[in-house]
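structure_15.pdb (PDB, C-alpha atoms) appears below.
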ATOM      1  CA  MET I   1       0.000   0.000   0.000  1.00  0.00           C
ATOM      2  CA  SER I   2       2.893   2.409   0.729  1.00  0.00           C
ATOM      3  CA  GLU I   3       4.167   1.957  -2.850  1.00  0.00           C
ATOM      4  CA  ASN I   4       0.830   3.107  -4.222  1.00  0.00           C
ATOM      5  CA  THR I   5       0.917   6.217  -2.020  1.00  0.00           C
ATOM      6  CA  THR I   6       4.446   7.039  -3.179  1.00  0.00           C
ATOM      7  CA  GLU I   7       3.412   6.753  -6.829  1.00  0.00           C
ATOM      8  CA  VAL I   8       0.482   9.103  -6.269  1.00  0.00           C
ATOM      9  CA  ILE I   9       2.701  11.685  -4.541  1.00  0.00           C
ATOM     10  CA  VAL I  10       5.367  11.531  -7.289  1.00  0.00           C
ATOM     11  CA  GLY I  11       2.701  11.734 -10.008  1.00  0.00           C
ATOM     12  CA  THR I  12       1.115  14.760  -8.339  1.00  0.00           C
ATOM     13  CA  GLY I  13       4.528  16.457  -8.109  1.00  0.00           C
ATOM     14  CA  VAL I  14       5.258  15.831 -11.799  1.00  0.00           C
ATOM     15  CA  LEU I  15       1.835  17.193 -12.759  1.00  0.00           C
ATOM     16  CA  ALA I  16       2.382  20.315 -10.606  1.00  0.00           C
ATOM     17  CA  VAL I  17       5.776  20.969 -12.246  1.00  0.00           C
ATOM     18  CA  ALA I  18       4.234  20.556 -15.722  1.00  0.00           C
ATOM     19  CA  ILE I  19       1.442  23.012 -14.920  1.00  0.00           C
ATOM     20  CA  GLY I  20       3.969  25.478 -13.460  1.00  0.00           C
ATOM     21  CA  PHE I  21       6.073  25.272 -16.616  1.00  0.00           C
ATOM     22  CA  LEU I  22       3.014  25.883 -18.796  1.00  0.00           C
ATOM     23  CA  VAL I  23       2.047  28.960 -16.758  1.00  0.00           C
ATOM     24  CA  PHE I  24       5.623  30.287 -16.951  1.00  0.00           C
ATOM     25  CA  ALA I  25       5.883  29.713 -20.725  1.00  0.00           C
ATOM     26  CA  THR I  26       2.558  31.421 -21.348  1.00  0.00           C
ATOM     27  CA  GLY I  27       3.506  34.425 -19.201  1.00  0.00           C
ATOM     28  CA  ALA I  28       6.972  34.778 -20.724  1.00  0.00           C
ATOM     29  CA  THR I  29       5.620  35.000 -24.276  1.00  0.00           C
ATOM     30  CA  SER I  30       2.322  36.774 -23.684  1.00  0.00           C
ATOM     31  CA  PHE I  31       3.544  40.253 -24.668  1.00  0.00           C
ATOM     32  CA  ALA I  32       4.515  39.034 -28.130  1.00  0.00           C
ATOM     33  CA  THR I  33       1.094  37.672 -29.001  1.00  0.00           C
ATOM     34  CA  GLY I  34      -1.310  39.295 -26.578  1.00  0.00           C
ATOM     35  CA  GLY I  35      -3.212  42.554 -26.595  1.00  0.00           C
ATOM     36  CA  ASP I  36      -0.368  44.433 -24.918  1.00  0.00           C
ATOM     37  CA  ALA I  37       1.718  44.556 -28.121  1.00  0.00           C
ATOM     38  CA  TYR I  38       1.337  46.199 -31.522  1.00  0.00           C
ATOM     39  CA  PRO I  39       2.651  45.098 -34.945  1.00  0.00           C
ATOM     40  CA  LEU I  40       5.273  46.801 -37.108  1.00  0.00           C
ATOM     41  CA  ALA I  41       6.883  45.719 -40.379  1.00  0.00           C
ATOM     42  CA  ALA I  42      10.214  45.980 -42.195  1.00  0.00           C
ATOM     43  CA  SER I  43      11.660  44.676 -45.455  1.00  0.00           C
ATOM     44  CA  PHE I  44      15.220  43.278 -45.533  1.00  0.00           C
ATOM     45  CA  ARG I  45      17.506  42.415 -48.463  1.00  0.00           C
ATOM     46  CA  SER I  46      18.628  39.385 -46.467  1.00  0.00           C
ATOM     47  CA  ALA I  47      17.117  38.054 -43.255  1.00  0.00           C
ATOM     48  CA  GLU I  48      19.737  35.351 -42.744  1.00  0.00           C
ATOM     49  CA  GLY I  49      19.662  34.044 -39.176  1.00  0.00           C
ATOM     50  CA  VAL I  50      16.234  35.508 -38.363  1.00  0.00           C
ATOM     51  CA  LYS I  51      13.189  33.308 -37.877  1.00  0.00           C
ATOM     52  CA  VAL I  52       9.776  33.560 -36.267  1.00  0.00           C
ATOM     53  CA  GLY I  53      10.359  34.019 -32.537  1.00  0.00           C
ATOM     54  CA  THR I  54      13.636  35.954 -32.893  1.00  0.00           C
ATOM     55  CA  ASP I  55      14.029  38.726 -30.305  1.00  0.00           C
ATOM     56  CA  VAL I  56      13.504  42.371 -31.235  1.00  0.00           C
ATOM     57  CA  ARG I  57      15.686  44.577 -29.029  1.00  0.00           C
ATOM     58  CA  MET I  58      16.165  48.263 -28.379  1.00  0.00           C
ATOM     59  CA  ALA I  59      19.291  49.344 -26.471  1.00  0.00           C
ATOM     60  CA  GLY I  60      19.927  45.681 -25.669  1.00  0.00           C
ATOM     61  CA  VAL I  61      16.533  45.149 -24.031  1.00  0.00           C
ATOM     62  CA  LYS I  62      13.961  42.765 -25.519  1.00  0.00           C
ATOM     63  CA  VAL I  63      10.960  44.806 -26.631  1.00  0.00           C
ATOM     64  CA  GLY I  64       9.305  42.431 -29.068  1.00  0.00           C
ATOM     65  CA  THR I  65       9.387  39.312 -31.205  1.00  0.00           C
ATOM     66  CA  VAL I  66       9.415  38.524 -34.922  1.00  0.00           C
ATOM     67  CA  THR I  67       5.966  37.083 -35.735  1.00  0.00           C
ATOM     68  CA  SER I  68       6.248  36.403 -39.483  1.00  0.00           C
ATOM     69  CA  LEU I  69       8.900  36.276 -42.180  1.00  0.00           C
ATOM     70  CA  ASP I  70       7.974  35.905 -45.856  1.00  0.00           C
ATOM     71  CA  LEU I  71       9.599  36.428 -49.246  1.00  0.00           C
ATOM     72  CA  ASN I  72       8.000  39.216 -51.269  1.00  0.00           C
ATOM     73  CA  PRO I  73       7.760  37.825 -54.854  1.00  0.00           C
ATOM     74  CA  GLN I  74       7.699  41.324 -56.420  1.00  0.00           C
ATOM     75  CA  THR I  75      10.736  42.802 -54.669  1.00  0.00           C
ATOM     76  CA  PHE I  76      12.572  39.568 -53.736  1.00  0.00           C
ATOM     77  CA  ARG I  77      13.082  40.947 -50.235  1.00  0.00           C
ATOM     78  CA  ALA I  78      12.290  39.364 -46.884  1.00  0.00           C
ATOM     79  CA  ASP I  79       9.217  41.019 -45.379  1.00  0.00           C
ATOM     80  CA  ALA I  80       9.234  40.735 -41.585  1.00  0.00           C
ATOM     81  CA  THR I  81       6.422  41.514 -39.188  1.00  0.00           C
ATOM     82  CA  PHE I  82       7.194  41.912 -35.511  1.00  0.00           C
ATOM     83  CA  THR I  83       5.493  43.039 -32.352  1.00  0.00           C
ATOM     84  CA  MET I  84       6.524  45.818 -29.988  1.00  0.00           C
ATOM     85  CA  LYS I  85       5.455  46.170 -26.349  1.00  0.00           C
ATOM     86  CA  GLN I  86       2.724  48.728 -25.750  1.00  0.00           C
ATOM     87  CA  GLY I  87       4.122  51.932 -24.323  1.00  0.00           C
ATOM     88  CA  ILE I  88       7.304  51.827 -26.406  1.00  0.00           C
ATOM     89  CA  GLU I  89       6.870  54.458 -29.074  1.00  0.00           C
ATOM     90  CA  VAL I  90       9.077  54.101 -32.153  1.00  0.00           C
ATOM     91  CA  PRO I  91       9.876  57.346 -34.037  1.00  0.00           C
ATOM     92  CA  ASP I  92       8.951  57.191 -37.732  1.00  0.00           C
ATOM     93  CA  ASP I  93      12.571  57.829 -38.841  1.00  0.00           C
ATOM     94  CA  SER I  94      13.952  54.866 -36.859  1.00  0.00           C
ATOM     95  CA  ALA I  95      16.213  52.245 -38.410  1.00  0.00           C
ATOM     96  CA  ILE I  96      16.189  48.490 -37.958  1.00  0.00           C
ATOM     97  CA  SER I  97      19.063  46.064 -38.435  1.00  0.00           C
ATOM     98  CA  ILE I  98      19.859  42.408 -38.001  1.00  0.00           C
ATOM     99  CA  SER I  99      22.666  42.100 -35.467  1.00  0.00           C
ATOM    100  CA  SER I 100      24.698  39.191 -34.149  1.00  0.00           C
ATOM    101  CA  GLU I 101      25.210  38.313 -30.499  1.00  0.00           C
ATOM    102  CA  GLY I 102      28.807  37.316 -31.269  1.00  0.00           C
ATOM    103  CA  LEU I 103      30.849  34.970 -33.432  1.00  0.00           C
ATOM    104  CA  LEU I 104      29.055  31.885 -32.186  1.00  0.00           C
ATOM    105  CA  GLY I 105      25.844  33.499 -30.977  1.00  0.00           C
ATOM    106  CA  GLY I 106      22.503  33.875 -32.679  1.00  0.00           C
ATOM    107  CA  ASN I 107      21.018  36.879 -34.415  1.00  0.00           C
ATOM    108  CA  PHE I 108      18.462  39.377 -33.206  1.00  0.00           C
ATOM    109  CA  VAL I 109      16.633  42.341 -34.710  1.00  0.00           C
ATOM    110  CA  GLU I 110      17.729  45.711 -33.334  1.00  0.00           C
ATOM    111  CA  VAL I 111      15.568  48.823 -33.501  1.00  0.00           C
ATOM    112  CA  ILE I 112      17.634  52.025 -33.578  1.00  0.00           C
ATOM    113  CA  PRO I 113      15.352  54.906 -32.621  1.00  0.00           C
ATOM    114  CA  GLY I 114      15.398  58.085 -34.672  1.00  0.00           C
ATOM    115  CA  GLY I 115      14.837  61.643 -33.558  1.00  0.00           C
ATOM    116  CA  SER I 116      11.495  62.438 -35.172  1.00  0.00           C
ATOM    117  CA  PRO I 117       8.729  63.829 -32.974  1.00  0.00           C
ATOM    118  CA  PHE I 118       6.268  61.628 -34.908  1.00  0.00           C
ATOM    119  CA  ASN I 119       5.856  57.942 -34.040  1.00  0.00           C
ATOM    120  CA  LEU I 120       4.964  54.930 -36.158  1.00  0.00           C
ATOM    121  CA  GLU I 121       1.357  53.833 -35.934  1.00  0.00           C
ATOM    122  CA  PRO I 122       0.508  50.159 -35.268  1.00  0.00           C
ATOM    123  CA  GLY I 123       1.002  48.294 -38.537  1.00  0.00           C
ATOM    124  CA  GLY I 124       3.515  50.897 -39.780  1.00  0.00           C
ATOM    125  CA  GLU I 125       6.721  50.036 -41.606  1.00  0.00           C
ATOM    126  CA  ILE I 126      10.293  50.943 -40.735  1.00  0.00           C
ATOM    127  CA  GLU I 127      11.852  52.014 -44.044  1.00  0.00           C
ATOM    128  CA  ASP I 128      15.542  52.220 -43.069  1.00  0.00           C
ATOM    129  CA  THR I 129      16.773  48.619 -42.840  1.00  0.00           C
ATOM    130  CA  GLN I 130      20.176  46.951 -42.672  1.00  0.00           C
ATOM    131  CA  SER I 131      20.407  43.269 -43.500  1.00  0.00           C
ATOM    132  CA  SER I 132      22.488  40.644 -41.790  1.00  0.00           C
ATOM    133  CA  VAL I 133      26.148  40.215 -42.645  1.00  0.00           C
ATOM    134  CA  SER I 134      27.176  36.669 -43.478  1.00  0.00           C
ATOM    135  CA  LEU I 135      30.255  35.565 -41.533  1.00  0.00           C
ATOM    136  CA  ILE I 136      31.122  33.043 -44.274  1.00  0.00           C
ATOM    137  CA  THR I 137      31.070  35.779 -46.938  1.00  0.00           C
ATOM    138  CA  LEU I 138      33.360  37.972 -44.841  1.00  0.00           C
ATOM    139  CA  LEU I 139      35.785  35.102 -44.272  1.00  0.00           C
ATOM    140  CA  MET I 140      35.839  34.256 -47.994  1.00  0.00           C
ATOM    141  CA  LYS I 141      36.639  37.886 -48.870  1.00  0.00           C
ATOM    142  CA  PHE I 142      39.441  37.910 -46.305  1.00  0.00           C
ATOM    143  CA  VAL I 143      40.957  34.610 -47.488  1.00  0.00           C
ATOM    144  CA  ALA I 144      40.657  35.417 -51.212  1.00  0.00           C
ATOM    145  CA  GLY I 145      41.811  39.017 -50.796  1.00  0.00           C
ATOM    146  CA  ASP I 146      39.972  41.952 -52.266  1.00  0.00           C
ATOM    147  CA  GLY I 147      42.594  42.989 -54.820  1.00  0.00           C
ATOM    148  CA  ASP I 148      43.874  46.023 -52.882  1.00  0.00           C
ATOM    149  CA  GLU I 149      47.560  45.803 -52.045  1.00  0.00           C
TER     150      GLU I 149
END

Show how you would write the structure in this file as C-alpha cells.
Amino acid sequence: MSENTTEVIVGTGVLAVAIGFLVFATGATSFATGGDAYPLAASFRSAEGVKVGTDVRMAGVKVGTVTSLDLNPQTFRADATFTMKQGIEVPDDSAISISSEGLLGGNFVEVIPGGSPFNLEPGGEIEDTQSSVSLITLLMKFVAGDGDE
C-alpha cells in the first residue's frame, strides 16, 4: 500500500511541475502575441539568421518578437512583421538592423530609434533597414583578398 501512495505523490509532483512550466511559458511569451503589443513591419535584403520568434531589441533590451517572415515575390526581399510592447513608441525615422550576439551566438533584430517627434502607428513600416552580414562571406573575402595591395 505504501508503494501506491508514493506513486500518487510523485505523479502529483510531476503534474504540478508541468502546470507550473506551462504557466511560466505562457507568461513569458504573452507580450509578443497578446493585446499588450502592436505590430510593425520591415523589409530586408537578407534576413539570414532571423526566424519567427527571434528577439527584437532596443538598447539591448527585448521589446518584441518577430511574428512572421515571408519572401515578397515582387521585390525579392524578406518582409518581416514583428510586435513591440505597448508603451514603447518608435519614431517614424527609426532604423532596424539584423545584429549578431557574437561569433558563435545567434542573431536578433535591433531597432535604432530616430529623432522624429512623430511615431509609427501600429502596422507601420520601418523604411531604413540593414540586412544581416554573413560571416562566411566575410571570411571568404578575407581569405581570397579583395585585390587592394

For segment 92-100 of chain I: contacts at 9 Å, only C-alpha atoms, fewer than 4 positions along chain excluded, given as an mmCIF file with C-alpha atoms, keeping the file's coordinate frame:
data_model
loop_
_atom_site.group_PDB
_atom_site.id
_atom_site.type_symbol
_atom_site.label_atom_id
_atom_site.label_comp_id
_atom_site.auth_asym_id
_atom_site.auth_seq_id
_atom_site.Cartn_x
_atom_site.Cartn_y
_atom_site.Cartn_z
ATOM 1 C CA ALA I 42 10.214 45.980 -42.195
ATOM 2 C CA PHE I 44 15.220 43.278 -45.533
ATOM 3 C CA ALA I 47 17.117 38.054 -43.255
ATOM 4 C CA GLU I 48 19.737 35.351 -42.744
ATOM 5 C CA GLY I 49 19.662 34.044 -39.176
ATOM 6 C CA VAL I 50 16.234 35.508 -38.363
ATOM 7 C CA LEU I 104 29.055 31.885 -32.186
ATOM 8 C CA GLY I 105 25.844 33.499 -30.977
ATOM 9 C CA GLY I 106 22.503 33.875 -32.679
ATOM 10 C CA ASN I 107 21.018 36.879 -34.415
ATOM 11 C CA PHE I 108 18.462 39.377 -33.206
ATOM 12 C CA VAL I 109 16.633 42.341 -34.710
ATOM 13 C CA GLU I 110 17.729 45.711 -33.334
ATOM 14 C CA VAL I 111 15.568 48.823 -33.501
ATOM 15 C CA ILE I 112 17.634 52.025 -33.578
ATOM 16 C CA PRO I 113 15.352 54.906 -32.621
ATOM 17 C CA GLY I 114 15.398 58.085 -34.672
ATOM 18 C CA GLY I 115 14.837 61.643 -33.558
ATOM 19 C CA SER I 116 11.495 62.438 -35.172
ATOM 20 C CA PRO I 117 8.729 63.829 -32.974
ATOM 21 C CA PHE I 118 6.268 61.628 -34.908
ATOM 22 C CA ASN I 119 5.856 57.942 -34.040
ATOM 23 C CA LEU I 120 4.964 54.930 -36.158
ATOM 24 C CA GLU I 121 1.357 53.833 -35.934
ATOM 25 C CA GLY I 124 3.515 50.897 -39.780
ATOM 26 C CA GLU I 125 6.721 50.036 -41.606
ATOM 27 C CA ILE I 126 10.293 50.943 -40.735
ATOM 28 C CA GLU I 127 11.852 52.014 -44.044
ATOM 29 C CA ASP I 128 15.542 52.220 -43.069
ATOM 30 C CA THR I 129 16.773 48.619 -42.840
ATOM 31 C CA GLN I 130 20.176 46.951 -42.672
ATOM 32 C CA SER I 131 20.407 43.269 -43.500
ATOM 33 C CA SER I 132 22.488 40.644 -41.790
ATOM 34 C CA VAL I 133 26.148 40.215 -42.645
#

**Counting all atoms listed in the file, the option among I:Asn72, I:Glu101, I:Glu3, I:Met140 closest to Ser46 of chain I** =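 Going through I:Asn72, I:Glu101, I:Glu3, I:Met140 one by one, the smallest distance to Ser46 of chain I is for I:Asn72.
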
**Prompt:** Distance atom CA of Lys85 of chain I-atom CA of Ile19 of chain I, one decimal place?
**Reply:** 26.1 Å

**Message:** Please enumerate the residues selected by the PyMOL selection byres ((chain I and resi 62) around 12) when evaluated against the supplied file, formatted as a PyMOL selection string.
**Reply:** chain I and resi 28-29+31-32+53-61+63-66+83-85+88+108-111

Expected file: the selected residues, C-alpha atoms, as a PDB file, in the coordinates of the input:
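The new file out-v7.pdb reads:
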ATOM      1  CA  ALA I  28       6.972  34.778 -20.724  1.00  0.00           C
ATOM      2  CA  THR I  29       5.620  35.000 -24.276  1.00  0.00           C
ATOM      3  CA  PHE I  31       3.544  40.253 -24.668  1.00  0.00           C
ATOM      4  CA  ALA I  32       4.515  39.034 -28.130  1.00  0.00           C
ATOM      5  CA  GLY I  53      10.359  34.019 -32.537  1.00  0.00           C
ATOM      6  CA  THR I  54      13.636  35.954 -32.893  1.00  0.00           C
ATOM      7  CA  ASP I  55      14.029  38.726 -30.305  1.00  0.00           C
ATOM      8  CA  VAL I  56      13.504  42.371 -31.235  1.00  0.00           C
ATOM      9  CA  ARG I  57      15.686  44.577 -29.029  1.00  0.00           C
ATOM     10  CA  MET I  58      16.165  48.263 -28.379  1.00  0.00           C
ATOM     11  CA  ALA I  59      19.291  49.344 -26.471  1.00  0.00           C
ATOM     12  CA  GLY I  60      19.927  45.681 -25.669  1.00  0.00           C
ATOM     13  CA  VAL I  61      16.533  45.149 -24.031  1.00  0.00           C
ATOM     14  CA  VAL I  63      10.960  44.806 -26.631  1.00  0.00           C
ATOM     15  CA  GLY I  64       9.305  42.431 -29.068  1.00  0.00           C
ATOM     16  CA  THR I  65       9.387  39.312 -31.205  1.00  0.00           C
ATOM     17  CA  VAL I  66       9.415  38.524 -34.922  1.00  0.00           C
ATOM     18  CA  THR I  83       5.493  43.039 -32.352  1.00  0.00           C
ATOM     19  CA  MET I  84       6.524  45.818 -29.988  1.00  0.00           C
ATOM     20  CA  LYS I  85       5.455  46.170 -26.349  1.00  0.00           C
ATOM     21  CA  ILE I  88       7.304  51.827 -26.406  1.00  0.00           C
ATOM     22  CA  PHE I 108      18.462  39.377 -33.206  1.00  0.00           C
ATOM     23  CA  VAL I 109      16.633  42.341 -34.710  1.00  0.00           C
ATOM     24  CA  GLU I 110      17.729  45.711 -33.334  1.00  0.00           C
ATOM     25  CA  VAL I 111      15.568  48.823 -33.501  1.00  0.00           C
TER      26      VAL I 111
END

**Asked** Which value, in Å to one decimal, gives the distance between atom CA of Pro91 of chain I and atom CA of Pro122 of chain I?
**Response**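 So the two atoms, atom CA of Pro91 of chain I and atom CA of Pro122 of chain I, lie 11.9 Å apart.
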
**Prompt:** When you draw a straight line from atom CA of Ala41 of chain I to atom CA of Gly123 of chain I, how long is it in Å?
**Reply:** 6.7 Å

Residue IDs satisfying the PyMOL selection byres ((chain I and resi 67) around 6), as a PDB file with C-alpha atoms, keeping the file's coordinate frame:
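Final output, saved to out_8.pdb:
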ATOM      1  CA  VAL I  52       9.776  33.560 -36.267  1.00  0.00           C
ATOM      2  CA  VAL I  66       9.415  38.524 -34.922  1.00  0.00           C
ATOM      3  CA  SER I  68       6.248  36.403 -39.483  1.00  0.00           C
ATOM      4  CA  THR I  81       6.422  41.514 -39.188  1.00  0.00           C
ATOM      5  CA  PHE I  82       7.194  41.912 -35.511  1.00  0.00           C
TER       6      PHE I  82
END
